[in-house]
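Below is the file upload36.pdb, which contains PDB, C-alpha atoms.
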```pdb
ATOM      1  CA  MET A   1     -12.698  14.162  15.087
ATOM      2  CA  GLY A   2     -11.138  15.756  12.031
ATOM      3  CA  ASN A   3      -8.524  13.036  11.683
ATOM      4  CA  ILE A   4     -10.860  10.054  12.091
ATOM      5  CA  SER A   5     -11.957   8.496   8.841
ATOM      6  CA  PRO A   6     -15.539   7.254   8.723
ATOM      7  CA  ILE A   7     -14.615   4.391   6.397
ATOM      8  CA  GLY A   8     -11.877   2.787   8.517
ATOM      9  CA  ASN A   9      -8.710   3.181  10.510
ATOM     10  CA  ARG A  10      -5.124   2.055  10.199
ATOM     11  CA  GLU A  11      -5.821  -1.324  11.829
ATOM     12  CA  THR A  12      -8.676  -2.146   9.429
ATOM     13  CA  VAL A  13      -6.495  -1.131   6.469
ATOM     14  CA  ALA A  14      -3.622  -3.328   7.715
ATOM     15  CA  ASP A  15      -6.020  -6.218   8.332
ATOM     16  CA  GLY A  16      -7.545  -5.729   4.871
ATOM     17  CA  LEU A  17      -4.122  -5.842   3.251
ATOM     18  CA  GLN A  18      -3.218  -8.921   5.283
ATOM     19  CA  SER A  19      -6.251 -10.986   4.266
ATOM     20  CA  PHE A  20      -6.478  -9.359   0.806
ATOM     21  CA  SER A  21      -9.761 -11.021  -0.153
ATOM     22  CA  THR A  22     -11.860  -9.793  -3.074
ATOM     23  CA  GLU A  23     -14.110  -7.881  -0.666
ATOM     24  CA  ASN A  24     -11.105  -6.215   0.943
ATOM     25  CA  GLN A  25      -9.708  -5.287  -2.455
ATOM     26  CA  ALA A  26     -13.019  -3.589  -3.315
ATOM     27  CA  TRP A  27     -13.012  -1.803   0.046
ATOM     28  CA  LEU A  28      -9.407  -0.656  -0.399
ATOM     29  CA  GLY A  29     -10.271   0.606  -3.874
ATOM     30  CA  LEU A  30     -13.122   2.618  -2.387
ATOM     31  CA  LEU A  31     -10.765   3.948   0.273
ATOM     32  CA  MET A  32      -8.294   5.108  -2.395
ATOM     33  CA  ASP A  33     -11.009   7.019  -4.249
ATOM     34  CA  SER A  34     -11.244   9.749  -1.613
ATOM     35  CA  PRO A  35      -8.247  12.019  -0.918
ATOM     36  CA  THR A  36      -9.487  12.484   2.655
ATOM     37  CA  ASN A  37      -8.617   8.828   3.353
ATOM     38  CA  ASP A  38      -5.038   8.983   2.053
ATOM     39  CA  ASP A  39      -3.441   9.338   5.484
ATOM     40  CA  VAL A  40      -5.451   6.435   6.902
ATOM     41  CA  LEU A  41      -4.489   4.271   3.925
ATOM     42  CA  LEU A  42      -0.790   5.074   4.235
ATOM     43  CA  ASP A  43      -0.784   4.632   8.020
ATOM     44  CA  GLY A  44      -2.425   1.236   7.526
ATOM     45  CA  LEU A  45       0.117   0.342   4.843
ATOM     46  CA  HIS A  46       2.975   1.181   7.209
ATOM     47  CA  LEU A  47       1.364  -0.933   9.942
ATOM     48  CA  TYR A  48       0.909  -3.830   7.471
ATOM     49  CA  LEU A  49       4.559  -3.625   6.380
ATOM     50  CA  ASP A  50       5.751  -3.340   9.987
ATOM     51  CA  ARG A  51       3.747  -6.430  10.921
ATOM     52  CA  ALA A  52       5.182  -8.302   7.937
ATOM     53  CA  SER A  53       8.717  -7.299   8.910
ATOM     54  CA  GLU A  54       8.193  -8.629  12.450
ATOM     55  CA  ALA A  55       6.604 -11.916  11.364
ATOM     56  CA  ARG A  56       8.455 -15.193  11.798
ATOM     57  CA  PHE A  57       7.857 -16.099   8.146
ATOM     58  CA  LEU A  58       8.388 -13.583   5.348
ATOM     59  CA  ASN A  59       5.830 -14.133   2.595
ATOM     60  CA  SER A  60       7.628 -12.124  -0.067
ATOM     61  CA  ILE A  61       5.399 -13.348  -2.892
ATOM     62  CA  LYS A  62       2.296 -12.034  -1.132
ATOM     63  CA  LEU A  63       4.012  -8.731  -0.325
ATOM     64  CA  GLU A  64       5.078  -8.341  -3.943
ATOM     65  CA  LYS A  65       1.567  -9.092  -5.226
ATOM     66  CA  THR A  66       0.122  -6.592  -2.738
ATOM     67  CA  GLY A  67       2.556  -3.935  -3.942
ATOM     68  CA  GLU A  68       1.710  -4.665  -7.550
ATOM     69  CA  TRP A  69      -2.045  -4.508  -6.896
ATOM     70  CA  ILE A  70      -1.786  -1.226  -5.000
ATOM     71  CA  GLY A  71       0.457   0.259  -7.692
ATOM     72  CA  ASN A  72      -2.014  -0.723 -10.398
ATOM     73  CA  ASN A  73      -5.085   0.544  -8.536
ATOM     74  CA  ALA A  74      -3.892   3.634  -6.674
ATOM     75  CA  PRO A  75      -4.607   7.023  -8.208
ATOM     76  CA  ALA A  76      -1.742   9.211  -9.412
ATOM     77  CA  ARG A  77      -1.886  11.418  -6.299
ATOM     78  CA  LEU A  78      -0.804   8.437  -4.141
ATOM     79  CA  GLN A  79       2.006   7.030  -6.291
ATOM     80  CA  ILE A  80       4.843   9.117  -4.825
ATOM     81  CA  ARG A  81       3.681   8.545  -1.247
ATOM     82  CA  LEU A  82       3.430   4.791  -1.896
ATOM     83  CA  SER A  83       6.948   4.809  -3.292
ATOM     84  CA  GLU A  84       8.191   6.692  -0.224
ATOM     85  CA  ALA A  85       6.480   4.178   2.060
ATOM     86  CA  ALA A  86       8.081   1.272   0.199
ATOM     87  CA  ARG A  87      11.521   2.862   0.536
ATOM     88  CA  SER A  88      11.183   3.755   4.219
ATOM     89  CA  SER A  89      13.023   0.634   5.401
ATOM     90  CA  GLN A  90      15.636  -1.749   4.071
ATOM     91  CA  HIS A  91      13.926  -4.795   5.567
ATOM     92  CA  PRO A  92      13.214  -7.531   2.984
ATOM     93  CA  ALA A  93       9.449  -7.136   3.596
ATOM     94  CA  TYR A  94       9.632  -3.565   2.354
ATOM     95  CA  GLY A  95      11.871  -4.697  -0.501
ATOM     96  CA  ALA A  96       9.335  -7.264  -1.671
ATOM     97  CA  PHE A  97       6.546  -4.676  -1.517
ATOM     98  CA  ARG A  98       8.774  -2.193  -3.368
ATOM     99  CA  ALA A  99       9.492  -4.775  -6.095
ATOM    100  CA  GLY A 100       5.778  -5.295  -6.693
ATOM    101  CA  LEU A 101       5.110  -1.570  -6.649
ATOM    102  CA  SER A 102       7.784  -0.922  -9.265
ATOM    103  CA  LYS A 103       6.575  -3.882 -11.335
ATOM    104  CA  SER A 104       3.135  -2.249 -11.541
ATOM    105  CA  GLY A 105       4.559   0.831 -13.260
ATOM    106  CA  GLY A 106       2.131   3.087 -11.414
ATOM    107  CA  LEU A 107       4.670   5.826 -10.770
ATOM    108  CA  GLU A 108       5.685   5.899 -14.442
ATOM    109  CA  ARG A 109       2.042   6.109 -15.538
ATOM    110  CA  ALA A 110       1.325   8.904 -13.069
ATOM    111  CA  TYR A 111       4.432  10.868 -13.970
ATOM    112  CA  PRO A 112       5.595   9.940 -17.499
ATOM    113  CA  LYS A 113       9.035  10.966 -18.653
ATOM    114  CA  ALA A 114       9.132  14.286 -20.445
ATOM    115  CA  PRO A 115      10.065  14.166 -24.118
ATOM    116  CA  VAL A 116      13.414  15.948 -24.215
TER     117      VAL A 116
END
```
Using structure tokens, write down the structure that the file contains.
Amino acid sequence: MGNISPIGNRETVADGLQSFSTENQAWLGLLMDSPTNDDVLLDGLHLYLDRASEARFLNSIKLEKTGEWIGNNAPARLQIRLSEAARSSQHPAYGAFRAGLSKSGGLERAYPKAPV
């Protein structure tokens, strides 16, 4: 039971990202607050991106907005793992998510450039 999150599982995270309603955004924000839920969040993100890559219609605008929202709302501890997830495939669905994630500037805020 150590790997089961009481707040959700990968399917509920993927479904929440798919519908992306205001309630789901609040729930995802709550999920990101606890480091114990990081693996569930990232597993759900991978499932969401896999589903989007297998869909008949690629909604790149929605994927980009999802990436931007997650990049803006995720804590610093998740920024590198989100970037790795976005770069884990060359499918256009991952590319659209990656574009939104980079547009958010979350990685740069979490790890600013050192003054040299």
List the residues matched by the PyMOL selection byres ((chain A and resi 20) around 12) in the displayed structure as a ChimeraX atom specification, ordered by chain and then by residue number. /A:12-19,21-29,48,62-63,65-67,69-70
Residues selected by the PyMOL selection byres ((chain A and resi 52-57) around 9), written as JSON, numbers by chain: {"A": [18, 47, 48, 49, 50, 51, 58, 59, 63, 91, 92, 93, 94]}
Surrounding residues of segment 34-43 of chain A excluding itself and chain neighbours under 6 positions, 8 Å, all atoms listed in the file, as an MDAnalysis selection string: chainID A and resid 5 8:10 13 78 81:82 85
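When the PyMOL selection byres ((chain A and resi 101) around 9) is run on the displayed coordinates, the residues it returns are Glu64, Lys65, Thr66, Gly67, Glu68, Trp69, Ile70, Gly71, Asn72, Leu82, Ser83, Ala86, Ala96, Phe97, Arg98, Ala99, Gly100, Ser102, Lys103, Ser104, Gly105, Gly106 and Leu107 of chain A.
Straight-line separation from atom CA of Ser89 of chain A to atom CA of His46 of chain A: 10.2 Å.
One distance worth recording is that between atom CA of Pro112 of chain A and atom CA of Ser88 of chain A, which is 23.3 Å.
If you measure from each of A:Leu45, A:Met32, A:Val116, A:Ala110 to Ile80 of chain A using all atoms listed in the file, the closest one turns out to be A:Ala110.
Our summary of the geometry notes that atom CA of Leu30 of chain A is positioned 21.8 Å from atom CA of Glu84 of chain A.
Across A:Glu108, A:Leu31, A:Ala114, A:Gly44, the tightest approach to Ala76 of chain A is made by A:Glu108 when counting only C-alpha atoms.
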Would you compute, for all listed atoms of segment 64-74 of chain A, the axis-aligned bounding box grown by 3 Å on each side, and then report its centre and edge lengths in Å rounded to one decimal, as JSON?
```
{"center_x": 0.0, "center_y": -2.7, "center_z": -6.6, "size_x": 16.2, "size_y": 18.7, "size_z": 13.7}
```
